[in-house]
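Contents: one structure, followed by commentary.
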Amino acid sequence: MEQSTGKIHYLDYFHTLVILLLMFGFGQLPAVEPITPLGMKIIGAFLGMLYGWSTVGLIWPSVLGLLAIAFSGYAPLKTIWASSFGNDNVVQFIFIFVFAGAVEAHGITKFIAYWILTRKAIVGKPWLFNLAYLLAIALLGALTSSSPAIILGWSILYSVFSTLGYQKGDKYVSYMLFGTVFAAQLGMGMMPFKSAPLTVMAAFEAIAGYRIDYLSYMVFFACALCLAIVCFILAGKYLLRLDVAVLKNLQQETILQDPAALRLNGQQKMVFALLVALIVLMMLPSVLPKELFLAQLLNQLGATGIAAAIVALMCIIPLGKPKLLNFQAVAQKNISWGVVLLLAAVMVVSGALNNDSVGFVSFLKLLLDPVFGHASAVFFVLALIGCAVVFTNFCNNAATAIALLPVVLAFAQALDISASLVAVVITFSVMLAFLTPAASPSAALLHGNDWLCKKDIYQLGFIAIAASIVVLYIVTFTIGQLLY
């Protein structure tokens, strides 16, 4: 283990001091009406968690924040534990982590990527290949997470570059390496039961008291994601005018380094079938008539019950050995306890902030009424998108979204726009976290790649973000209005 430098050592002490002052000192300040004394303590715990998540990590700021809320007098500590770690969304999160780890371990994501990229329809068509590649990466990001999708995507690209003679520093090389991160980041937000989206949706449920429909979420996100990638492709072709003529010589063998990746054995077929089953069963309650037995059963199980049942099934099949899933091994490798603790803390603090005894929502309405009170829905949405995009490149993306959700609930109804829709828009916006090295793990990979220079990252980043904002605005006030 490397020793920290003195600068990092003292910076950690500074961050820790700020977190402690916010969590346990902010509440000692005089209350500003309509915030109550209890509200000052809750807000202090919330600000301390936000600062901690963006500076020192997710684990201990989440635990300490829960203790600070308990010490505030909001609820007994036993109630806090039950509302956090016993929350349905937190349990669902754990099972989804395990299931996603099993899918990746069985090579299903690699199969999907290679299957898409070896279709005859894209051979000899450079820009169609680029589009198919980025969509495949987005799908991998949705099924696993951004980092595995990026690493697999880059390994494919390096093989293509080597075969076709592309060199480090070529515009097309920078464009595709960046595009991989862009697609993987957006893709990671498409499944509502994955880490960042589920955290935001769980916080929304805690504040609003109702869930965002999974099917509507996925339809909206998929439309916005695909259009954003199409715009990125069009920018490469017509704005950057990249030379891709050599891609016409690209052969399937160059992409498919391992022919076995396109052949699924019996166990892999079962895992693939269970992956499809999980997604379909999660969506069915949104489309089936409520009086049907299947719909009632799925609603009774909920998303958590469905995920738990499929994970249990994988631990049983086949009846002999090896099983589809070694729960202990996969859980040890794939469960991100920092994210689990983040979600547990979010469930408590989000509900606390919305409590009438705190006065936080009333304060927000009073503070922001001059800005949004007489504004249009268009201005409201664009302002929140702008805030989300800027803040997520310097702060934790889930924390950014959670900080904006109370504003959504405070003004959405008055502006005659669905709060659920705006929450989904914010979720999409905070996935655009790749401009600064600290924005996300994907951004760290991007800025750490020596095949990319900073100039190219920022140029392509601004193009990607600008295209995404335009697309998001259009989808929000067309498809979004139909869905919500």
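Letters A, B, ... mark the chains of the structure tokens in the order given; residue numbers begin at 1 per chain; ligand numbers begin at 1, in order shown.
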Residues within 8 Å of A:Leu364, only C-alpha atoms, excluding chain neighbours under 5 positions, as a ChimeraX atom specification: /A:369,406-407,410
Close residues, A:Lys365 itself excluded, 12 Å, only C-alpha atoms, min 2 positions apart in chain, as a list in words: Glu33, Pro34, Ile35, Gly359, Phe360, Val361, Ser362, Phe363, Leu367, Leu368, Asp369, Pro370, Val371, Phe372, Gly373, Pro406, Val407, Val408, Leu409, Ala410, Phe411, Ala412 and Ala414 of chain A
Could you write out that same residue set with N, CA, C and O atoms as a PDB file, in the first residue's frame?
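Saved as out.pdb:
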```pdb
ATOM      1  N   GLU A  33     -36.467  30.742   9.560  1.00  0.00           N
ATOM      2  CA  GLU A  33     -37.843  30.368   9.240  1.00  0.00           C
ATOM      3  C   GLU A  33     -38.044  30.245   7.726  1.00  0.00           C
ATOM      4  O   GLU A  33     -37.456  31.025   6.955  1.00  0.00           O
ATOM      5  N   PRO A  34     -38.824  29.260   7.290  1.00  0.00           N
ATOM      6  CA  PRO A  34     -39.663  28.338   8.071  1.00  0.00           C
ATOM      7  C   PRO A  34     -38.944  27.058   8.527  1.00  0.00           C
ATOM      8  O   PRO A  34     -39.582  26.114   8.938  1.00  0.00           O
ATOM      9  N   ILE A  35     -37.607  27.019   8.416  1.00  0.00           N
ATOM     10  CA  ILE A  35     -36.863  25.849   8.908  1.00  0.00           C
ATOM     11  C   ILE A  35     -36.912  25.832  10.434  1.00  0.00           C
ATOM     12  O   ILE A  35     -36.747  26.867  11.086  1.00  0.00           O
ATOM     13  N   GLY A 359     -39.307  21.668   7.723  1.00  0.00           N
ATOM     14  CA  GLY A 359     -39.507  22.968   7.090  1.00  0.00           C
ATOM     15  C   GLY A 359     -38.619  23.242   5.905  1.00  0.00           C
ATOM     16  O   GLY A 359     -38.573  24.362   5.391  1.00  0.00           O
ATOM     17  N   PHE A 360     -37.905  22.207   5.431  1.00  0.00           N
ATOM     18  CA  PHE A 360     -36.941  22.420   4.348  1.00  0.00           C
ATOM     19  C   PHE A 360     -37.630  22.721   3.018  1.00  0.00           C
ATOM     20  O   PHE A 360     -37.223  23.630   2.289  1.00  0.00           O
ATOM     21  N   VAL A 361     -38.684  21.993   2.695  1.00  0.00           N
ATOM     22  CA  VAL A 361     -39.380  22.213   1.421  1.00  0.00           C
ATOM     23  C   VAL A 361     -40.018  23.593   1.401  1.00  0.00           C
ATOM     24  O   VAL A 361     -39.968  24.302   0.388  1.00  0.00           O
ATOM     25  N   SER A 362     -40.618  24.000   2.507  1.00  0.00           N
ATOM     26  CA  SER A 362     -41.215  25.343   2.586  1.00  0.00           C
ATOM     27  C   SER A 362     -40.159  26.418   2.399  1.00  0.00           C
ATOM     28  O   SER A 362     -40.394  27.442   1.743  1.00  0.00           O
ATOM     29  N   PHE A 363     -38.975  26.176   2.946  1.00  0.00           N
ATOM     30  CA  PHE A 363     -37.872  27.131   2.792  1.00  0.00           C
ATOM     31  C   PHE A 363     -37.437  27.228   1.330  1.00  0.00           C
ATOM     32  O   PHE A 363     -37.190  28.332   0.821  1.00  0.00           O
ATOM     33  N   LEU A 367     -37.423  30.506  -0.952  1.00  0.00           N
ATOM     34  CA  LEU A 367     -36.142  30.989  -1.486  1.00  0.00           C
ATOM     35  C   LEU A 367     -36.153  31.080  -3.012  1.00  0.00           C
ATOM     36  O   LEU A 367     -35.652  32.062  -3.587  1.00  0.00           O
ATOM     37  N   LEU A 368     -36.714  30.070  -3.666  1.00  0.00           N
ATOM     38  CA  LEU A 368     -36.628  29.987  -5.122  1.00  0.00           C
ATOM     39  C   LEU A 368     -37.859  30.491  -5.845  1.00  0.00           C
ATOM     40  O   LEU A 368     -37.896  30.488  -7.081  1.00  0.00           O
ATOM     41  N   ASP A 369     -38.869  30.922  -5.105  1.00  0.00           N
ATOM     42  CA  ASP A 369     -40.082  31.410  -5.767  1.00  0.00           C
ATOM     43  C   ASP A 369     -39.820  32.587  -6.708  1.00  0.00           C
ATOM     44  O   ASP A 369     -40.414  32.652  -7.790  1.00  0.00           O
ATOM     45  N   PRO A 370     -38.910  33.524  -6.366  1.00  0.00           N
ATOM     46  CA  PRO A 370     -38.616  34.603  -7.329  1.00  0.00           C
ATOM     47  C   PRO A 370     -38.009  34.093  -8.634  1.00  0.00           C
ATOM     48  O   PRO A 370     -38.142  34.750  -9.671  1.00  0.00           O
ATOM     49  N   VAL A 371     -37.357  32.932  -8.612  1.00  0.00           N
ATOM     50  CA  VAL A 371     -36.737  32.385  -9.819  1.00  0.00           C
ATOM     51  C   VAL A 371     -37.708  31.531 -10.606  1.00  0.00           C
ATOM     52  O   VAL A 371     -37.877  31.685 -11.817  1.00  0.00           O
ATOM     53  N   PHE A 372     -38.394  30.617  -9.910  1.00  0.00           N
ATOM     54  CA  PHE A 372     -39.247  29.647 -10.596  1.00  0.00           C
ATOM     55  C   PHE A 372     -40.743  29.905 -10.426  1.00  0.00           C
ATOM     56  O   PHE A 372     -41.549  29.268 -11.095  1.00  0.00           O
ATOM     57  N   GLY A 373     -41.092  30.799  -9.518  1.00  0.00           N
ATOM     58  CA  GLY A 373     -42.507  30.996  -9.205  1.00  0.00           C
ATOM     59  C   GLY A 373     -43.353  31.373 -10.403  1.00  0.00           C
ATOM     60  O   GLY A 373     -44.500  30.953 -10.521  1.00  0.00           O
ATOM     61  N   PRO A 406     -35.576  17.857  -4.109  1.00  0.00           N
ATOM     62  CA  PRO A 406     -36.529  18.692  -3.364  1.00  0.00           C
ATOM     63  C   PRO A 406     -37.016  19.902  -4.157  1.00  0.00           C
ATOM     64  O   PRO A 406     -38.176  20.325  -4.012  1.00  0.00           O
ATOM     65  N   VAL A 407     -36.148  20.459  -5.008  1.00  0.00           N
ATOM     66  CA  VAL A 407     -36.561  21.580  -5.863  1.00  0.00           C
ATOM     67  C   VAL A 407     -37.622  21.113  -6.859  1.00  0.00           C
ATOM     68  O   VAL A 407     -38.601  21.808  -7.134  1.00  0.00           O
ATOM     69  N   VAL A 408     -37.415  19.914  -7.391  1.00  0.00           N
ATOM     70  CA  VAL A 408     -38.379  19.340  -8.336  1.00  0.00           C
ATOM     71  C   VAL A 408     -39.750  19.218  -7.692  1.00  0.00           C
ATOM     72  O   VAL A 408     -40.763  19.650  -8.248  1.00  0.00           O
ATOM     73  N   LEU A 409     -39.794  18.628  -6.505  1.00  0.00           N
ATOM     74  CA  LEU A 409     -41.071  18.415  -5.817  1.00  0.00           C
ATOM     75  C   LEU A 409     -41.711  19.731  -5.397  1.00  0.00           C
ATOM     76  O   LEU A 409     -42.938  19.835  -5.324  1.00  0.00           O
ATOM     77  N   ALA A 410     -40.879  20.741  -5.136  1.00  0.00           N
ATOM     78  CA  ALA A 410     -41.410  22.015  -4.662  1.00  0.00           C
ATOM     79  C   ALA A 410     -42.107  22.805  -5.769  1.00  0.00           C
ATOM     80  O   ALA A 410     -43.078  23.526  -5.504  1.00  0.00           O
ATOM     81  N   PHE A 411     -41.657  22.653  -7.024  1.00  0.00           N
ATOM     82  CA  PHE A 411     -42.165  23.535  -8.077  1.00  0.00           C
ATOM     83  C   PHE A 411     -42.824  22.835  -9.260  1.00  0.00           C
ATOM     84  O   PHE A 411     -43.518  23.483 -10.044  1.00  0.00           O
ATOM     85  N   ALA A 412     -42.624  21.545  -9.422  1.00  0.00           N
ATOM     86  CA  ALA A 412     -43.135  20.864 -10.616  1.00  0.00           C
ATOM     87  C   ALA A 412     -44.646  20.988 -10.768  1.00  0.00           C
ATOM     88  O   ALA A 412     -45.155  21.314 -11.847  1.00  0.00           O
ATOM     89  N   ALA A 414     -46.729  23.198  -9.537  1.00  0.00           N
ATOM     90  CA  ALA A 414     -47.146  24.574  -9.814  1.00  0.00           C
ATOM     91  C   ALA A 414     -46.878  24.963 -11.260  1.00  0.00           C
ATOM     92  O   ALA A 414     -47.598  25.794 -11.836  1.00  0.00           O
TER      93      ALA A 414
END
```
Write out as CSV a residue-level contact list of stretch 205-293 of chain A versus stretch 97-114 of chain A with cut-off 10 Å: for each qualifying residue the closest pair of atoms and the distance in Å to one decimal, counting only C-alpha atoms, rows sorted by chain and residue number upward.
```
residue,atom,partner,partner_atom,distance
A:Gln252,CA,A:Tyr114,CA,9.5
A:Ile255,CA,A:Tyr114,CA,7.5
A:Leu256,CA,A:Tyr114,CA,6.5
A:Gln257,CA,A:Tyr114,CA,9.4
A:Asp258,CA,A:Tyr114,CA,9.3
A:Pro259,CA,A:Tyr114,CA,9.3
A:Ala260,CA,A:Phe111,CA,9.1
A:Ala261,CA,A:Phe111,CA,5.5
A:Leu262,CA,A:Phe111,CA,5.5
A:Arg263,CA,A:Phe111,CA,7.8
A:Leu264,CA,A:Phe111,CA,8.0
A:Asn265,CA,A:His106,CA,9.8
A:Gln267,CA,A:His106,CA,8.1
A:Gln268,CA,A:His106,CA,6.1
A:Lys269,CA,A:Ile108,CA,8.7
A:Val271,CA,A:Val103,CA,6.6
A:Phe272,CA,A:Ile108,CA,6.6
A:Leu274,CA,A:Val103,CA,9.2
A:Leu275,CA,A:Val103,CA,7.5
A:Leu278,CA,A:Phe99,CA,9.6
```
Using only C-alpha atoms, which protein or nucleic acid residues come within 8 Å of stretch 439-443 of chain A? Drop anything in the same chain fewer than 2 positions from it, and give the result as a PyMOL selection string. chain A and resi 146-147+150+181+185+392-397+433-437+445-447
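Coordinates place atom CA of A:Ala202 at a distance of 6.7 Å from atom CA of A:Met347.
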DSSP on the backbone, helix (DSSP H, G or I) only: what residues of stretch 277-480 of chain A does that give? Format it as a PyMOL selection string. chain A and resi 277-286+293-316+327-334+337-353+360-372+377-392+397-411+419-429+441-447+454-476+479-480
Can you build me a table of stretch 165-282 of chain A residues sitting at most 8 Å from stretch 474-477 of chain A, with the closest atom pair per residue and its distance in Å to one decimal, using only C-alpha atoms, sorted by chain and residue number, as JSON lines?
```
{"residue": "A:Phe220", "atom": "CA", "partner": "A:Val475", "partner_atom": "CA", "distance": 7.5}
{"residue": "A:Cys223", "atom": "CA", "partner": "A:Val475", "partner_atom": "CA", "distance": 7.4}
{"residue": "A:Ala224", "atom": "CA", "partner": "A:Val475", "partner_atom": "CA", "distance": 6.3}
```
Based on the selection just made, write all heavy atoms of those residues as an mmCIF file, in the first residue's frame.
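Saved as result_35.cif:
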```cif
data_model
loop_
_atom_site.group_PDB
_atom_site.id
_atom_site.type_symbol
_atom_site.label_atom_id
_atom_site.label_comp_id
_atom_site.auth_asym_id
_atom_site.auth_seq_id
_atom_site.Cartn_x
_atom_site.Cartn_y
_atom_site.Cartn_z
ATOM 1 N N PHE A 220 -38.263 6.399 -22.011
ATOM 2 C CA PHE A 220 -37.730 7.764 -22.096
ATOM 3 C C PHE A 220 -36.212 7.742 -22.231
ATOM 4 O O PHE A 220 -35.631 8.385 -23.109
ATOM 5 C CB PHE A 220 -38.126 8.564 -20.854
ATOM 6 C CG PHE A 220 -37.591 9.977 -20.848
ATOM 7 C CD1 PHE A 220 -38.359 11.024 -21.323
ATOM 8 C CD2 PHE A 220 -36.309 10.260 -20.380
ATOM 9 C CE1 PHE A 220 -37.863 12.323 -21.327
ATOM 10 C CE2 PHE A 220 -35.807 11.554 -20.375
ATOM 11 C CZ PHE A 220 -36.590 12.583 -20.861
ATOM 12 N N CYS A 223 -34.863 6.358 -25.604
ATOM 13 C CA CYS A 223 -35.035 7.315 -26.702
ATOM 14 C C CYS A 223 -33.988 8.421 -26.631
ATOM 15 O O CYS A 223 -33.346 8.759 -27.641
ATOM 16 C CB CYS A 223 -36.439 7.917 -26.665
ATOM 17 S SG CYS A 223 -37.759 6.768 -27.075
ATOM 18 N N ALA A 224 -33.808 8.999 -25.440
ATOM 19 C CA ALA A 224 -32.839 10.071 -25.277
ATOM 20 C C ALA A 224 -31.416 9.580 -25.526
ATOM 21 O O ALA A 224 -30.610 10.257 -26.182
ATOM 22 C CB ALA A 224 -32.959 10.675 -23.878
#
```
Nearest to A:Ile306 by atom-to-atom distance, counting only C-alpha atoms, from A:Val173, A:Val32, A:Ser336, A:Phe95: A:Phe95
A:Leu460 surroundings by only C-alpha atoms, 12 Å radius, close-in-sequence under 6 positions cut, as a list in words: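 Here the qualifying residues turn out to be Lys171, Tyr172, Val173, Ser174, Tyr175, Met176, Leu177, Phe178, Gly179, Thr180, Val181, Phe182, Phe232, Ile233, Ala235, Gly236, Leu239, Leu240, Phe434, Leu435, Leu446, Leu452, Cys453, Lys454, Ala466 and Ala467 of chain A.
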Distance criterion (only C-alpha atoms): nearest to A:Leu247 out of A:Thr36, A:Ser162, A:Gln92, A:Ser84: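 Closest to A:Leu247 of all the choices is A:Ser162.
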Could you check the closest approach to A:Trp81 for each of A:Leu227, A:Ser468, A:Ala344, A:Phe26 and tell me which residue wins, using only C-alpha atoms?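 Under the stated criterion, the closest residue is A:Ala344.
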